[in-house]
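So this block is query_15.txt, compact mmCIF, C-alpha atoms:
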# COMPACT_ATOMS: atom_id res chain seq x y z
CA ALA A 1 16.14 -89.78 -88.30
CA GLN A 2 15.92 -86.14 -89.24
CA SER A 3 13.78 -84.78 -92.07
CA VAL A 4 12.76 -81.44 -93.53
CA SER A 5 9.51 -80.33 -95.11
CA GLN A 6 9.19 -77.26 -97.29
CA HIS A 7 5.56 -76.51 -97.94
CA ASN A 8 5.77 -74.17 -100.88
CA HIS A 9 7.36 -75.67 -103.97
CA HIS A 10 6.72 -72.73 -106.27
CA VAL A 11 6.19 -69.10 -105.27
CA ILE A 12 5.61 -66.21 -107.67
CA LEU A 13 5.72 -62.64 -106.38
CA SER A 14 5.95 -59.13 -107.69
CA GLU A 15 8.82 -56.89 -106.66
CA ALA A 16 8.35 -55.23 -103.25
CA ALA A 17 6.03 -57.99 -102.03
CA SER A 18 6.80 -59.67 -98.73
CA LEU A 19 8.11 -63.21 -98.65
CA GLU A 20 7.72 -66.04 -96.19
CA LEU A 21 8.87 -69.57 -97.02
CA GLY A 22 7.89 -72.35 -94.67
CA CYS A 23 10.29 -74.95 -93.28
CA ASN A 24 9.47 -77.61 -90.72
CA TYR A 25 11.81 -80.29 -89.49
CA SER A 26 11.51 -83.44 -87.48
CA TYR A 27 14.20 -84.22 -84.93
CA GLY A 28 13.82 -84.48 -81.19
CA GLY A 29 17.14 -83.07 -80.04
CA THR A 30 19.34 -80.04 -80.53
CA VAL A 31 19.51 -78.88 -84.12
CA ASN A 32 21.48 -76.61 -86.39
CA LEU A 33 19.33 -75.03 -89.10
CA PHE A 34 20.26 -73.53 -92.44
CA TRP A 35 18.80 -71.81 -95.46
CA TYR A 36 20.75 -72.16 -98.69
CA VAL A 37 20.05 -70.34 -101.95
CA GLN A 38 20.86 -71.32 -105.50
CA TYR A 39 20.71 -68.49 -108.03
CA PRO A 40 20.27 -69.46 -111.69
CA GLY A 41 23.48 -70.99 -113.00
CA GLN A 42 25.27 -70.76 -109.68
CA HIS A 43 26.18 -73.14 -106.88
CA LEU A 44 24.37 -73.51 -103.57
CA GLN A 45 25.43 -70.90 -101.06
CA LEU A 46 24.56 -70.18 -97.46
CA LEU A 47 21.90 -67.56 -96.82
CA LEU A 48 21.78 -67.84 -93.04
CA LYS A 49 22.18 -70.31 -90.20
CA TYR A 50 21.04 -70.94 -86.66
CA PHE A 51 23.25 -72.76 -84.19
CA SER A 52 22.20 -71.32 -80.82
CA GLY A 53 21.24 -68.07 -79.08
CA ASP A 54 18.84 -65.51 -80.53
CA PRO A 55 16.19 -67.46 -82.47
CA LEU A 56 15.80 -64.59 -84.94
CA VAL A 57 18.66 -64.90 -87.37
CA LYS A 58 19.63 -62.31 -89.95
CA GLY A 59 21.38 -63.31 -93.15
CA ILE A 60 22.63 -61.76 -96.33
CA LYS A 61 20.58 -59.58 -98.69
CA GLY A 62 17.96 -58.65 -96.08
CA PHE A 63 16.77 -62.18 -95.35
CA GLU A 64 15.93 -63.38 -91.86
CA ALA A 65 14.60 -66.56 -90.31
CA GLU A 66 13.02 -67.37 -86.99
CA PHE A 67 13.59 -70.62 -85.13
CA ILE A 68 10.45 -71.62 -83.22
CA LYS A 69 11.38 -74.71 -81.25
CA SER A 70 7.83 -75.51 -80.15
CA LYS A 71 6.70 -75.61 -83.78
CA PHE A 72 9.84 -77.29 -85.16
CA SER A 73 9.94 -74.48 -87.69
CA PHE A 74 12.55 -72.23 -89.29
CA ASN A 75 10.67 -70.00 -91.72
CA LEU A 76 12.51 -67.65 -94.05
CA ARG A 77 11.30 -64.07 -94.46
CA LYS A 78 12.09 -60.93 -96.41
CA PRO A 79 9.93 -57.80 -96.14
CA SER A 80 10.40 -56.65 -99.73
CA VAL A 81 11.69 -58.94 -102.49
CA GLN A 82 13.66 -57.88 -105.54
CA TRP A 83 13.87 -59.37 -109.02
CA SER A 84 17.39 -60.53 -108.12
CA ASP A 85 15.95 -62.79 -105.39
CA THR A 86 14.68 -65.16 -108.08
CA ALA A 87 16.28 -68.46 -107.09
CA GLU A 88 15.79 -71.88 -105.48
CA TYR A 89 15.73 -71.85 -101.68
CA PHE A 90 16.59 -74.90 -99.59
CA CYS A 91 16.08 -75.43 -95.89
CA ALA A 92 18.40 -77.89 -94.12
CA VAL A 93 18.63 -79.41 -90.65
CA LYS A 94 21.55 -81.01 -88.89
CA GLY A 95 20.71 -83.02 -85.80
CA GLY A 96 22.75 -85.65 -84.01
CA SER A 97 25.12 -86.39 -86.89
CA TYR A 98 27.37 -84.14 -88.97
CA ILE A 99 25.18 -84.62 -92.02
CA PRO A 100 22.68 -81.93 -93.04
CA THR A 101 19.39 -83.11 -94.49
CA PHE A 102 17.87 -80.86 -97.13
CA GLY A 103 14.28 -80.12 -98.00
CA ARG A 104 12.88 -80.40 -101.50
CA GLY A 105 13.35 -76.69 -102.14
CA THR A 106 11.16 -73.75 -103.12
CA SER A 107 11.42 -72.09 -106.49
CA LEU A 108 10.90 -68.35 -106.14
CA ILE A 109 10.19 -66.18 -109.18
CA VAL A 110 10.01 -62.43 -108.67
CA HIS A 111 8.46 -60.39 -111.45
CA PRO A 112 9.87 -56.90 -111.99
CA GLY B 113 40.96 -71.31 -106.29
CA ALA B 114 39.34 -70.58 -102.97
CA GLY B 115 36.18 -72.60 -103.47
CA VAL B 116 35.19 -76.23 -103.95
CA SER B 117 36.10 -77.43 -107.42
CA GLN B 118 34.32 -80.27 -109.21
CA THR B 119 35.24 -81.91 -112.49
CA PRO B 120 33.89 -82.61 -114.99
CA SER B 121 31.10 -80.06 -114.99
CA ASN B 122 29.21 -82.19 -117.50
CA LYS B 123 29.51 -85.87 -118.30
CA VAL B 124 27.48 -87.78 -120.87
CA THR B 125 27.93 -91.53 -120.89
CA GLU B 126 26.22 -94.65 -122.12
CA LYS B 127 24.34 -97.11 -119.98
CA GLY B 128 26.70 -99.67 -118.49
CA LYS B 129 29.81 -97.49 -118.56
CA TYR B 130 32.05 -96.54 -115.62
CA VAL B 131 32.21 -92.91 -114.44
CA GLU B 132 34.47 -90.99 -112.07
CA LEU B 133 33.60 -87.59 -110.63
CA ARG B 134 36.23 -85.56 -108.84
CA CYS B 135 35.98 -83.05 -106.00
CA ASP B 136 38.72 -80.75 -104.73
CA PRO B 137 37.57 -79.22 -101.43
CA ILE B 138 38.54 -75.98 -99.78
CA SER B 139 42.03 -76.27 -98.33
CA GLY B 140 41.94 -77.18 -94.65
CA HIS B 141 38.40 -78.49 -94.67
CA THR B 142 38.46 -81.91 -93.04
CA ALA B 143 34.84 -82.82 -93.79
CA LEU B 144 33.72 -83.65 -97.32
CA TYR B 145 30.23 -84.58 -98.48
CA TRP B 146 28.74 -85.96 -101.66
CA TYR B 147 25.09 -85.28 -102.46
CA ARG B 148 22.96 -86.04 -105.50
CA GLN B 149 20.30 -83.68 -106.82
CA SER B 150 17.61 -84.69 -109.26
CA LEU B 151 15.40 -82.22 -111.09
CA GLY B 152 12.91 -80.57 -108.76
CA GLN B 153 14.41 -82.15 -105.66
CA GLY B 154 16.74 -81.07 -102.89
CA PRO B 155 20.23 -82.46 -102.40
CA GLU B 156 20.14 -86.11 -101.31
CA PHE B 157 22.97 -87.30 -99.08
CA LEU B 158 25.31 -89.97 -100.43
CA ILE B 159 28.49 -90.14 -98.32
CA TYR B 160 30.45 -88.15 -95.74
CA PHE B 161 34.21 -88.21 -95.16
CA GLN B 162 36.01 -87.00 -92.09
CA GLY B 163 39.66 -86.95 -93.11
CA THR B 164 40.50 -89.99 -95.19
CA GLY B 165 37.80 -92.27 -93.88
CA ALA B 166 34.18 -92.57 -94.90
CA ALA B 167 32.43 -91.70 -91.64
CA ASP B 168 28.98 -92.36 -93.07
CA ASP B 169 28.17 -93.99 -96.42
CA SER B 170 24.55 -94.81 -95.62
CA GLY B 171 23.27 -92.70 -98.50
CA LEU B 172 24.97 -94.65 -101.28
CA PRO B 173 22.08 -96.24 -103.18
CA ASN B 174 23.78 -99.56 -103.98
CA ASP B 175 27.16 -101.21 -104.42
CA ARG B 176 27.68 -99.67 -107.87
CA PHE B 177 28.54 -96.44 -106.05
CA PHE B 178 31.85 -95.98 -104.26
CA ALA B 179 33.88 -92.99 -103.12
CA VAL B 180 37.43 -92.50 -101.91
CA ARG B 181 39.48 -89.74 -100.32
CA PRO B 182 42.93 -91.32 -100.00
CA GLU B 183 44.91 -88.34 -98.74
CA GLY B 184 42.19 -86.49 -96.91
CA SER B 185 41.78 -83.84 -99.57
CA VAL B 186 40.59 -84.67 -103.11
CA SER B 187 37.72 -87.14 -103.34
CA THR B 188 36.51 -89.26 -106.25
CA LEU B 189 32.99 -90.63 -106.60
CA LYS B 190 32.95 -93.76 -108.74
CA ILE B 191 29.89 -95.22 -110.41
CA GLN B 192 30.06 -98.64 -112.06
CA ARG B 193 27.67 -100.00 -114.69
CA THR B 194 25.79 -96.73 -114.93
CA GLU B 195 22.02 -96.77 -115.36
CA ARG B 196 19.69 -94.11 -116.74
CA GLY B 197 18.37 -93.53 -113.22
CA ASP B 198 21.82 -92.35 -112.16
CA SER B 199 21.37 -89.19 -114.23
CA ALA B 200 21.50 -86.24 -111.84
CA VAL B 201 23.71 -83.42 -110.63
CA TYR B 202 26.32 -84.73 -108.21
CA LEU B 203 27.25 -82.12 -105.63
CA CYS B 204 30.33 -82.01 -103.47
CA ALA B 205 30.63 -79.87 -100.35
CA SER B 206 33.30 -79.34 -97.73
CA SER B 207 33.31 -77.85 -94.27
CA LEU B 208 35.25 -77.43 -91.10
CA GLN B 209 33.94 -80.03 -88.68
CA GLY B 210 30.38 -79.17 -87.64
CA GLY B 211 30.22 -75.97 -89.66
CA GLU B 212 28.32 -74.79 -92.70
CA LEU B 213 28.77 -76.57 -96.01
CA PHE B 214 30.49 -74.93 -98.96
CA PHE B 215 29.29 -76.39 -102.24
CA GLY B 216 30.92 -76.81 -105.62
CA GLU B 217 29.20 -76.12 -108.93
CA GLY B 218 28.30 -79.79 -109.32
CA SER B 219 28.88 -82.42 -111.98
CA ARG B 220 25.90 -83.04 -114.24
CA LEU B 221 25.79 -86.70 -115.22
CA THR B 222 23.62 -87.85 -118.11
CA VAL B 223 23.34 -91.57 -118.80
CA LEU B 224 21.94 -92.35 -122.25
Please express the file's structure as structure tokens.
Amino acid sequence: AQSVSQHNHHVILSEAASLELGCNYSYGGTVNLFWYVQYPGQHLQLLLKYFSGDPLVKGIKGFEAEFIKSKFSFNLRKPSVQWSDTAEYFCAVKGGSYIPTFGRGTSLIVHP
Amino acid sequence: GAGVSQTPSNKVTEKGKYVELRCDPISGHTALYWYRQSLGQGPEFLIYFQGTGAADDSGLPNDRFFAVRPEGSVSTLKIQRTERGDSAVYLCASSLQGGELFFGEGSRLTVL
């Protein structure tokens, strides 16, 4: 069975600070990996995804994530956060089935 | 509309009552998923449809929960004899087979 662990449940940053959110998964085979974001009052939407190829994936709004197979990790990064990045961030993994499994989520608050 | 539509957006019911939640996926998306999200948690898988059939219903918590998708488009999640523990946001998502999930706004269910 596949599972996802997000280490940071709550992160508080000031604008312009750098961000890294941890995501580790457990699954022995080929995986697809996702980061979804949920802005206040809005639905979950895709931030970026990894299916194959270059392990460094770039998404919307300056976010990127790096797939490190040996560490079973897919950490999300942004060099300089903005107040508008305040949101919930969810990592998800899809292994042998068509069903993505989501992590618990990280609540990010960015102070202006 | 172009996105996934869920109705009702909010439902308040009494313990023991029957509830139906509806999901209208993106046109042409053959895969449809139901998830449940409790406060402070990530989406928890309930059931996955490929076309009209439930390809995987392993996430349904018990036999009070049932879902249908009779024509391969709109889906209804049905909850019998609701309990207070069923209170959550019920999320619907659709996708092309194997692709990223597109989520609706969710239906917030409150069982008093």
What's the 9 Å shell around stretch 6-22 of chain A, counting only C-alpha atoms, without same-chain residues fewer than 3 positions away, as an mmCIF file with C-alpha atoms, in the frame of the given file?
data_model
loop_
_atom_site.group_PDB
_atom_site.id
_atom_site.type_symbol
_atom_site.label_atom_id
_atom_site.label_comp_id
_atom_site.auth_asym_id
_atom_site.auth_seq_id
_atom_site.Cartn_x
_atom_site.Cartn_y
_atom_site.Cartn_z
ATOM 1 C CA TYR A 25 11.810 -80.290 -89.490
ATOM 2 C CA SER A 73 9.940 -74.480 -87.690
ATOM 3 C CA PHE A 74 12.550 -72.230 -89.290
ATOM 4 C CA ASN A 75 10.670 -70.000 -91.720
ATOM 5 C CA LEU A 76 12.510 -67.650 -94.050
ATOM 6 C CA ARG A 77 11.300 -64.070 -94.460
ATOM 7 C CA LYS A 78 12.090 -60.930 -96.410
ATOM 8 C CA PRO A 79 9.930 -57.800 -96.140
ATOM 9 C CA SER A 80 10.400 -56.650 -99.730
ATOM 10 C CA VAL A 81 11.690 -58.940 -102.490
ATOM 11 C CA GLN A 82 13.660 -57.880 -105.540
ATOM 12 C CA TRP A 83 13.870 -59.370 -109.020
ATOM 13 C CA TYR A 89 15.730 -71.850 -101.680
ATOM 14 C CA PHE A 90 16.590 -74.900 -99.590
ATOM 15 C CA CYS A 91 16.080 -75.430 -95.890
ATOM 16 C CA GLY A 103 14.280 -80.120 -98.000
ATOM 17 C CA ARG A 104 12.880 -80.400 -101.500
ATOM 18 C CA GLY A 105 13.350 -76.690 -102.140
ATOM 19 C CA THR A 106 11.160 -73.750 -103.120
ATOM 20 C CA SER A 107 11.420 -72.090 -106.490
ATOM 21 C CA LEU A 108 10.900 -68.350 -106.140
ATOM 22 C CA ILE A 109 10.190 -66.180 -109.180
ATOM 23 C CA VAL A 110 10.010 -62.430 -108.670
ATOM 24 C CA HIS A 111 8.460 -60.390 -111.450
ATOM 25 C CA PRO A 112 9.870 -56.900 -111.990
ATOM 26 C CA GLY B 152 12.910 -80.570 -108.760
#
All residues 6 Å or closer to stretch 191-197 of chain B, all atoms listed in the file, same chain fewer than 3 positions away omitted, as a count of residues only: 8
Up to 7 Å from chain A, what residues of chain B turn up? Count all atoms listed in the file and give them as a list of chain:residue names.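 That gives the following set of residues: B:Gln153, B:Gly154, B:Pro155, B:Gly210, B:Phe214, B:Phe215, B:Gly216, B:Glu217.
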Padded axis-aligned box of stretch 197-210 of chain B (3 Å per side), centre and edge lengths, Å, one decimal, as AutoDock Vina command-line options:
--center_x 26.8 --center_y -85.5 --center_z -100.9 --size_x 22.9 --size_y 22.1 --size_z 32.6
Take atom CA of B:Tyr145 and atom CA of B:Tyr160 and report the distance between them in Å, one decimal.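 Result for atom CA of B:Tyr145 versus atom CA of B:Tyr160: 4.5 Å, one decimal.
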Selection: 8 Å around stretch 168-174 of chain B, all atoms listed in the file, excl. self and same-chain fewer than 5 positions, as a list in words: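 Using all atoms listed in the file, the neighbours found are Glu156, Phe157, Leu158, Ile159, Tyr160 and Phe161 of chain B.
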The distance between atom CA of B:Ile138 and atom CA of B:Ala166 is 17.8 Å
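The two atoms in question, atom CA of A:Gly29 and atom CA of A:Gly96, are spaced 7.3 Å apart.
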Give me, as a list in words, all polymer residues having an atom no more than 10 Å from B:Glu183, counting all atoms listed in the file and skipping those fewer than 5 positions away in the same chain.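 Skipping anything fewer than 5 positions along the chain leaves Gly163, Thr164 and Gly165 of chain B.
Closest to B:Thr119 among B:Leu144, B:Leu213, B:Leu221, B:Ala167 is B:Leu221, based on only C-alpha atoms.
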Would you mind writing stretch 50-61 of chain A with all heavy atoms, as a PDB file, in the coordinates of the input?
ATOM      1  N   TYR A  50      21.310 -71.021 -88.086  1.00  0.00           N
ATOM      2  CA  TYR A  50      21.040 -70.940 -86.660  1.00  0.00           C
ATOM      3  C   TYR A  50      21.767 -72.089 -85.979  1.00  0.00           C
ATOM      4  O   TYR A  50      21.547 -73.255 -86.322  1.00  0.00           O
ATOM      5  CB  TYR A  50      19.547 -71.030 -86.362  1.00  0.00           C
ATOM      6  CG  TYR A  50      19.282 -71.163 -84.888  1.00  0.00           C
ATOM      7  CD1 TYR A  50      19.308 -70.045 -84.052  1.00  0.00           C
ATOM      8  CD2 TYR A  50      19.060 -72.407 -84.300  1.00  0.00           C
ATOM      9  CE1 TYR A  50      19.108 -70.170 -82.695  1.00  0.00           C
ATOM     10  CE2 TYR A  50      18.868 -72.535 -82.937  1.00  0.00           C
ATOM     11  CZ  TYR A  50      18.891 -71.413 -82.143  1.00  0.00           C
ATOM     12  OH  TYR A  50      18.704 -71.533 -80.785  1.00  0.00           O
ATOM     13  N   PHE A  51      22.601 -71.733 -84.989  1.00  0.00           N
ATOM     14  CA  PHE A  51      23.250 -72.760 -84.190  1.00  0.00           C
ATOM     15  C   PHE A  51      22.757 -72.698 -82.748  1.00  0.00           C
ATOM     16  O   PHE A  51      22.469 -73.709 -82.126  1.00  0.00           O
ATOM     17  CB  PHE A  51      24.782 -72.596 -84.232  1.00  0.00           C
ATOM     18  CG  PHE A  51      25.428 -73.208 -85.449  1.00  0.00           C
ATOM     19  CD1 PHE A  51      24.687 -73.514 -86.580  1.00  0.00           C
ATOM     20  CD2 PHE A  51      26.775 -73.493 -85.472  1.00  0.00           C
ATOM     21  CE1 PHE A  51      25.272 -74.084 -87.710  1.00  0.00           C
ATOM     22  CE2 PHE A  51      27.381 -74.067 -86.598  1.00  0.00           C
ATOM     23  CZ  PHE A  51      26.626 -74.356 -87.706  1.00  0.00           C
ATOM     24  N   SER A  52      22.678 -71.490 -82.196  1.00  0.00           N
ATOM     25  CA  SER A  52      22.200 -71.320 -80.820  1.00  0.00           C
ATOM     26  C   SER A  52      21.976 -69.822 -80.597  1.00  0.00           C
ATOM     27  O   SER A  52      22.297 -68.994 -81.437  1.00  0.00           O
ATOM     28  CB  SER A  52      23.209 -71.866 -79.807  1.00  0.00           C
ATOM     29  OG  SER A  52      24.412 -71.135 -79.867  1.00  0.00           O
ATOM     30  N   GLY A  53      21.409 -69.467 -79.436  1.00  0.00           N
ATOM     31  CA  GLY A  53      21.240 -68.070 -79.080  1.00  0.00           C
ATOM     32  C   GLY A  53      19.952 -67.481 -79.614  1.00  0.00           C
ATOM     33  O   GLY A  53      18.913 -68.145 -79.645  1.00  0.00           O
ATOM     34  N   ASP A  54      20.012 -66.243 -80.052  1.00  0.00           N
ATOM     35  CA  ASP A  54      18.840 -65.510 -80.530  1.00  0.00           C
ATOM     36  C   ASP A  54      18.151 -66.298 -81.634  1.00  0.00           C
ATOM     37  O   ASP A  54      18.768 -66.592 -82.664  1.00  0.00           O
ATOM     38  CB  ASP A  54      19.263 -64.137 -81.051  1.00  0.00           C
ATOM     39  CG  ASP A  54      18.079 -63.225 -81.369  1.00  0.00           C
ATOM     40  OD1 ASP A  54      16.939 -63.728 -81.476  1.00  0.00           O
ATOM     41  OD2 ASP A  54      18.306 -62.014 -81.528  1.00  0.00           O
ATOM     42  N   PRO A  55      16.876 -66.650 -81.450  1.00  0.00           N
ATOM     43  CA  PRO A  55      16.190 -67.460 -82.470  1.00  0.00           C
ATOM     44  C   PRO A  55      15.875 -66.688 -83.748  1.00  0.00           C
ATOM     45  O   PRO A  55      15.509 -67.302 -84.745  1.00  0.00           O
ATOM     46  CB  PRO A  55      14.904 -67.887 -81.764  1.00  0.00           C
ATOM     47  CG  PRO A  55      14.679 -66.856 -80.716  1.00  0.00           C
ATOM     48  CD  PRO A  55      16.032 -66.420 -80.263  1.00  0.00           C
ATOM     49  N   LEU A  56      15.997 -65.370 -83.720  1.00  0.00           N
ATOM     50  CA  LEU A  56      15.800 -64.590 -84.940  1.00  0.00           C
ATOM     51  C   LEU A  56      17.169 -64.344 -85.560  1.00  0.00           C
ATOM     52  O   LEU A  56      18.007 -63.650 -84.980  1.00  0.00           O
ATOM     53  CB  LEU A  56      15.092 -63.265 -84.617  1.00  0.00           C
ATOM     54  CG  LEU A  56      14.734 -62.400 -85.825  1.00  0.00           C
ATOM     55  CD1 LEU A  56      13.777 -63.136 -86.755  1.00  0.00           C
ATOM     56  CD2 LEU A  56      14.141 -61.078 -85.376  1.00  0.00           C
ATOM     57  N   VAL A  57      17.351 -64.924 -86.728  1.00  0.00           N
ATOM     58  CA  VAL A  57      18.660 -64.900 -87.370  1.00  0.00           C
ATOM     59  C   VAL A  57      18.590 -64.018 -88.608  1.00  0.00           C
ATOM     60  O   VAL A  57      17.663 -64.154 -89.411  1.00  0.00           O
ATOM     61  CB  VAL A  57      19.073 -66.324 -87.780  1.00  0.00           C
ATOM     62  CG1 VAL A  57      20.412 -66.301 -88.489  1.00  0.00           C
ATOM     63  CG2 VAL A  57      19.115 -67.230 -86.568  1.00  0.00           C
ATOM     64  N   LYS A  58      19.572 -63.159 -88.760  1.00  0.00           N
ATOM     65  CA  LYS A  58      19.630 -62.310 -89.950  1.00  0.00           C
ATOM     66  C   LYS A  58      20.735 -62.807 -90.879  1.00  0.00           C
ATOM     67  O   LYS A  58      21.816 -63.174 -90.432  1.00  0.00           O
ATOM     68  CB  LYS A  58      19.871 -60.863 -89.550  1.00  0.00           C
ATOM     69  CG  LYS A  58      18.700 -60.282 -88.756  1.00  0.00           C
ATOM     70  CD  LYS A  58      18.768 -58.786 -88.635  1.00  0.00           C
ATOM     71  CE  LYS A  58      17.631 -58.268 -87.750  1.00  0.00           C
ATOM     72  NZ  LYS A  58      16.303 -58.566 -88.333  1.00  0.00           N
ATOM     73  N   GLY A  59      20.421 -62.828 -92.171  1.00  0.00           N
ATOM     74  CA  GLY A  59      21.380 -63.310 -93.150  1.00  0.00           C
ATOM     75  C   GLY A  59      21.726 -62.231 -94.149  1.00  0.00           C
ATOM     76  O   GLY A  59      21.499 -61.050 -93.928  1.00  0.00           O
ATOM     77  N   ILE A  60      22.240 -62.697 -95.284  1.00  0.00           N
ATOM     78  CA  ILE A  60      22.630 -61.760 -96.330  1.00  0.00           C
ATOM     79  C   ILE A  60      21.420 -61.265 -97.097  1.00  0.00           C
ATOM     80  O   ILE A  60      20.352 -61.889 -97.064  1.00  0.00           O
ATOM     81  CB  ILE A  60      23.635 -62.415 -97.302  1.00  0.00           C
ATOM     82  CG1 ILE A  60      23.018 -63.652 -97.972  1.00  0.00           C
ATOM     83  CG2 ILE A  60      24.921 -62.794 -96.571  1.00  0.00           C
ATOM     84  CD1 ILE A  60      23.860 -64.229 -99.088  1.00  0.00           C
ATOM     85  N   LYS A  61      21.572 -60.137 -97.761  1.00  0.00           N
ATOM     86  CA  LYS A  61      20.580 -59.580 -98.690  1.00  0.00           C
ATOM     87  C   LYS A  61      19.221 -59.330 -98.040  1.00  0.00           C
ATOM     88  O   LYS A  61      18.192 -59.405 -98.707  1.00  0.00           O
ATOM     89  CB  LYS A  61      20.424 -60.487 -99.912  1.00  0.00           C
ATOM     90  CG  LYS A  61      21.746 -60.706-100.647  1.00  0.00           C
ATOM     91  CD  LYS A  61      21.580 -61.439-101.942  1.00  0.00           C
ATOM     92  CE  LYS A  61      22.939 -61.607-102.627  1.00  0.00           C
ATOM     93  NZ  LYS A  61      22.845 -62.197-103.965  1.00  0.00           N
TER      94      LYS A  61
END
